[in-house]
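Each remark here refers to the structure printed beneath this line.
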Amino acid sequence: MMEPADDFAPEPEELDASTAVEVEQETSRALGKETRQVLLAVLVVAAFMALAHFTPLRAWITNVQTWKTLVHDFGWGAHAIFMAACAGSVMLGVPRLPLCAAAGLVFGFGEGLVLSLVASTLGSYGAFVLSRHGFRRAAESRAEKWPWLKKLLKKPSVLRVFWVRQLMVPGLVLNVLLGMTPVKHTRFLLGTALGYLPLNVAFSLVGSGLGKGSLATTFTQLLAAMAVINIAAWLVYRVMKKHRNG
């Protein structure tokens, strides 16, 4: 069944000037933090892998390849176990980015990205659904730190769900707050998946690079991770400016 076209329509209600400025500042701060997080992860992995390739630590790389073979031999059971553990962790408020890196390390970039994206989206959806059945008091109290957030989420579209996923607000708080709004389930799922995608891609690349037997492949993936997060930050910043000036 086709979704209504208004799922993708521009947000009809504009923010007041002071809230718009505060949201812009928070977005810029969050994008800078995301870039620094990816850069730090890239530098740590690059240094470790360079050391591993030229010291006895190379045995660690061999062990990783052995673990990956065992996981592959286990079949879809390994995928199901990881997805269940990842989704449950995210639903309880565990940061998803280390899980994305772990998925990339164990399953490789492609499978790791899909598994981590689906699992983290489902975990967020679980908290979202629970919030609509009364599980909200703790998140409400924490949300008082971001008074502008309630204004931004007063009438959330796919774009605004995507937008808030780029901010420095704990995922569990966002999930519960969104559950307290009239946002449709499809909008929540689509906005969340799209919002999670840039950092999931970057950290899956970093995690996958940590388990590669080729140093050149590792560095290529690390550079790709930096490119992804910088392009994503630029696009979000452009959308933010257009939204504010429009």
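Chain labels run A, B, ... following the order of the structure tokens; each chain numbers its residues from 1, and ligands are numbered from 1 in the order shown.
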Might you pull out every residue within 12 Å of A:Phe54, with only C-alpha atoms counted and same-chain residues fewer than 6 positions away left off, and present them as a PyMOL selection string? chain A and resi 47-48+60-61+214-215
File dump, residues just selected, N, CA, C and O atoms, as a JSON list (two decimals), in the first residue's frame:
[["chain", "number", "residue", "atom", "x", "y", "z"],
["A", 47, "ALA", "N", 46.56, 3.74, 13.22],
["A", 47, "ALA", "CA", 47.79, 3.52, 13.99],
["A", 47, "ALA", "C", 47.92, 2.06, 14.43],
["A", 47, "ALA", "O", 49.00, 1.47, 14.32],
["A", 48, "PHE", "N", 46.83, 1.49, 14.90],
["A", 48, "PHE", "CA", 46.87, 0.10, 15.36],
["A", 48, "PHE", "C", 47.19, -0.85, 14.21],
["A", 48, "PHE", "O", 48.02, -1.76, 14.36],
["A", 60, "TRP", "N", 47.20, -10.95, 15.59],
["A", 60, "TRP", "CA", 45.83, -10.52, 15.91],
["A", 60, "TRP", "C", 44.99, -10.48, 14.64],
["A", 60, "TRP", "O", 43.82, -10.87, 14.65],
["A", 61, "ILE", "N", 45.57, -10.01, 13.53],
["A", 61, "ILE", "CA", 44.85, -9.96, 12.26],
["A", 61, "ILE", "C", 44.45, -11.36, 11.82],
["A", 61, "ILE", "O", 43.33, -11.60, 11.36],
["A", 214, "SER", "N", 44.95, -6.53, 4.40],
["A", 214, "SER", "CA", 45.72, -5.61, 3.57],
["A", 214, "SER", "C", 45.70, -4.22, 4.19],
["A", 214, "SER", "O", 44.63, -3.65, 4.45],
["A", 215, "LEU", "N", 46.88, -3.64, 4.43],
["A", 215, "LEU", "CA", 46.96, -2.30, 5.00],
["A", 215, "LEU", "C", 46.40, -1.26, 4.04],
["A", 215, "LEU", "O", 45.76, -0.29, 4.46]]
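Taking atom CA of A:Ala30 and atom CA of A:Ala119 as endpoints, the distance between them is 23.1 Å.
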Skipping near chain neighbours, those fewer than 4 positions away, what residues fall within 9 Å of A:Thr62 using only C-alpha atoms, listed as a ChimeraX atom specification? /A:58,66-67,211,213
Can you tell me which residues surround A:Asn230 at a distance of at most 10 Å, considering only C-alpha atoms, apart from same-chain residues fewer than 6 positions away, and format the answer as a PyMOL selection string? chain A and resi 31-32+34-35+38+198+224+236
Using C-alpha atoms, can you export the residues from the last selection as a PDB file, in the first residue's frame?
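And here's selection-v3.pdb as it stands now:
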ATOM      1  CA  LEU A  31      28.142  17.833  13.177  1.00  0.00           C
ATOM      2  CA  GLY A  32      31.520  18.959  14.459  1.00  0.00           C
ATOM      3  CA  GLU A  34      30.455  13.593  14.764  1.00  0.00           C
ATOM      4  CA  THR A  35      33.357  14.513  12.493  1.00  0.00           C
ATOM      5  CA  VAL A  38      35.012   9.542  13.155  1.00  0.00           C
ATOM      6  CA  PRO A 198      25.805   8.377   7.658  1.00  0.00           C
ATOM      7  CA  ALA A 224      36.071   6.508   2.724  1.00  0.00           C
ATOM      8  CA  VAL A 236      22.793  18.406   6.589  1.00  0.00           C
TER       9      VAL A 236
END
Tell me which protein, DNA and RNA residues are within 10 Å of A:Leu113, counting only C-alpha atoms, leaving out same-chain ones fewer than 6 positions away, and put them as a ChimeraX atom specification. /A:100-101,103-104,107,119,197,200-205,208
Between A:Ala216, A:Pro170, A:Gly123, A:Ser116, single out the one closest to A:Lys145, counting only C-alpha atoms. A:Pro170
Would you list, as a PyMOL selection string, the residues of stretch 164-226 of chain A that end up in helix (DSSP H, G or I) under DSSP run on this structure's backbone? chain A and resi 164+171-179+185-209+215-226
Exercise: stretch 181-189 of chain A partners within 12 Å, only C-alpha atoms, chain neighbours under 6 positions left out, as an MDAnalysis selection string: chainID A and resid 2:9 117:129 131:132 136 149:165 174:175 195:196
Would you mind exporting N, CA and C atoms of the selected residues as a compact mmCIF listing (two decimals), in the first residue's frame?
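In the end it all went to part-v8.txt:
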# COMPACT_ATOMS: atom_id res chain seq x y z
N MET A 2 0.59 2.20 -0.87
CA MET A 2 1.40 3.39 -0.99
C MET A 2 1.17 4.30 0.20
N GLU A 3 2.27 4.93 0.69
CA GLU A 3 2.15 5.87 1.79
C GLU A 3 1.64 7.20 1.26
N PRO A 4 0.93 7.96 2.07
CA PRO A 4 0.46 9.26 1.64
C PRO A 4 1.63 10.15 1.24
N ALA A 5 1.38 10.99 0.24
CA ALA A 5 2.44 11.85 -0.27
C ALA A 5 2.94 12.82 0.77
N ASP A 6 2.10 13.18 1.78
CA ASP A 6 2.51 14.16 2.76
C ASP A 6 3.60 13.64 3.68
N ASP A 7 3.92 12.34 3.63
CA ASP A 7 5.04 11.83 4.41
C ASP A 7 6.34 12.51 4.01
N PHE A 8 6.40 12.96 2.77
CA PHE A 8 7.63 13.55 2.27
C PHE A 8 7.46 15.05 2.03
N ALA A 9 6.34 15.61 2.42
CA ALA A 9 6.09 17.03 2.21
C ALA A 9 6.94 17.86 3.15
N LEU A 117 22.27 -1.19 10.76
CA LEU A 117 21.25 -0.19 10.45
C LEU A 117 19.86 -0.72 10.77
N VAL A 118 19.57 -1.95 10.36
CA VAL A 118 18.26 -2.55 10.64
C VAL A 118 18.07 -2.73 12.14
N ALA A 119 19.09 -3.25 12.81
CA ALA A 119 18.97 -3.54 14.24
C ALA A 119 18.83 -2.25 15.06
N SER A 120 19.64 -1.22 14.75
CA SER A 120 19.55 0.02 15.52
C SER A 120 18.23 0.73 15.26
N THR A 121 17.72 0.65 14.04
CA THR A 121 16.42 1.25 13.74
C THR A 121 15.31 0.52 14.49
N LEU A 122 15.37 -0.81 14.48
CA LEU A 122 14.35 -1.59 15.20
C LEU A 122 14.44 -1.37 16.71
N GLY A 123 15.66 -1.26 17.24
CA GLY A 123 15.82 -0.99 18.66
C GLY A 123 15.21 0.35 19.04
N SER A 124 15.44 1.37 18.21
CA SER A 124 14.85 2.68 18.44
C SER A 124 13.34 2.62 18.34
N TYR A 125 12.87 1.83 17.39
CA TYR A 125 11.42 1.70 17.22
C TYR A 125 10.80 1.02 18.44
N GLY A 126 11.52 0.07 19.03
CA GLY A 126 11.01 -0.58 20.23
C GLY A 126 10.82 0.42 21.37
N ALA A 127 11.81 1.30 21.57
CA ALA A 127 11.67 2.33 22.61
C ALA A 127 10.56 3.31 22.27
N PHE A 128 10.42 3.61 20.98
CA PHE A 128 9.35 4.50 20.50
C PHE A 128 7.97 3.92 20.83
N VAL A 129 7.81 2.64 20.54
CA VAL A 129 6.51 1.99 20.81
C VAL A 129 6.25 1.92 22.31
N SER A 131 7.24 3.96 24.52
CA SER A 131 6.92 5.29 25.03
C SER A 131 5.45 5.62 24.83
N ARG A 132 4.83 5.02 23.84
CA ARG A 132 3.41 5.25 23.59
C ARG A 132 2.54 4.42 24.53
N ARG A 136 7.97 6.74 29.72
CA ARG A 136 8.43 8.04 29.25
C ARG A 136 8.95 8.98 30.33
N LEU A 149 14.09 21.34 21.83
CA LEU A 149 13.84 20.07 21.17
C LEU A 149 12.35 19.77 21.06
N LYS A 150 11.61 20.09 22.11
CA LYS A 150 10.17 19.85 22.07
C LYS A 150 9.50 20.68 20.99
N LYS A 151 10.00 21.91 20.79
CA LYS A 151 9.45 22.77 19.74
C LYS A 151 9.75 22.19 18.36
N LEU A 152 10.96 21.68 18.20
CA LEU A 152 11.34 21.09 16.92
C LEU A 152 10.53 19.84 16.61
N LEU A 153 10.15 19.10 17.67
CA LEU A 153 9.42 17.85 17.50
C LEU A 153 7.92 17.99 17.71
N LYS A 154 7.45 19.23 17.76
CA LYS A 154 6.02 19.43 17.99
C LYS A 154 5.19 18.78 16.90
N LYS A 155 5.66 18.86 15.66
CA LYS A 155 4.94 18.28 14.53
C LYS A 155 5.97 17.68 13.58
N PRO A 156 6.54 16.53 13.93
CA PRO A 156 7.70 16.01 13.19
C PRO A 156 7.38 15.41 11.84
N SER A 157 8.16 15.81 10.85
CA SER A 157 8.12 15.21 9.52
C SER A 157 9.29 14.24 9.40
N VAL A 158 9.40 13.55 8.26
CA VAL A 158 10.55 12.68 8.02
C VAL A 158 11.84 13.50 8.11
N LEU A 159 11.82 14.72 7.54
CA LEU A 159 13.00 15.57 7.56
C LEU A 159 13.41 15.92 8.98
N ARG A 160 12.44 16.24 9.83
CA ARG A 160 12.79 16.62 11.20
C ARG A 160 13.24 15.41 12.02
N VAL A 161 12.68 14.25 11.77
CA VAL A 161 13.16 13.05 12.45
C VAL A 161 14.61 12.79 12.04
N PHE A 162 14.88 12.92 10.73
CA PHE A 162 16.26 12.78 10.24
C PHE A 162 17.17 13.80 10.91
N TRP A 163 16.70 15.04 10.98
CA TRP A 163 17.48 16.14 11.51
C TRP A 163 17.89 15.90 12.95
N VAL A 164 16.92 15.55 13.80
CA VAL A 164 17.25 15.39 15.22
C VAL A 164 18.19 14.21 15.46
N ARG A 165 18.23 13.26 14.52
CA ARG A 165 19.16 12.14 14.67
C ARG A 165 20.61 12.60 14.49
N LEU A 174 15.41 10.74 22.42
CA LEU A 174 14.72 11.06 21.17
C LEU A 174 13.62 10.05 20.88
N ASN A 175 13.92 8.78 21.08
CA ASN A 175 12.92 7.75 20.79
C ASN A 175 11.66 7.94 21.62
N GLY A 195 18.47 8.97 9.17
CA GLY A 195 19.29 9.73 10.10
C GLY A 195 20.47 8.93 10.64
N TYR A 196 20.28 7.65 10.81
CA TYR A 196 21.36 6.79 11.30
C TYR A 196 22.38 6.44 10.21
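For the pair atom CA of A:Leu97 and atom CA of A:Val21, the separation is 28.1 Å.
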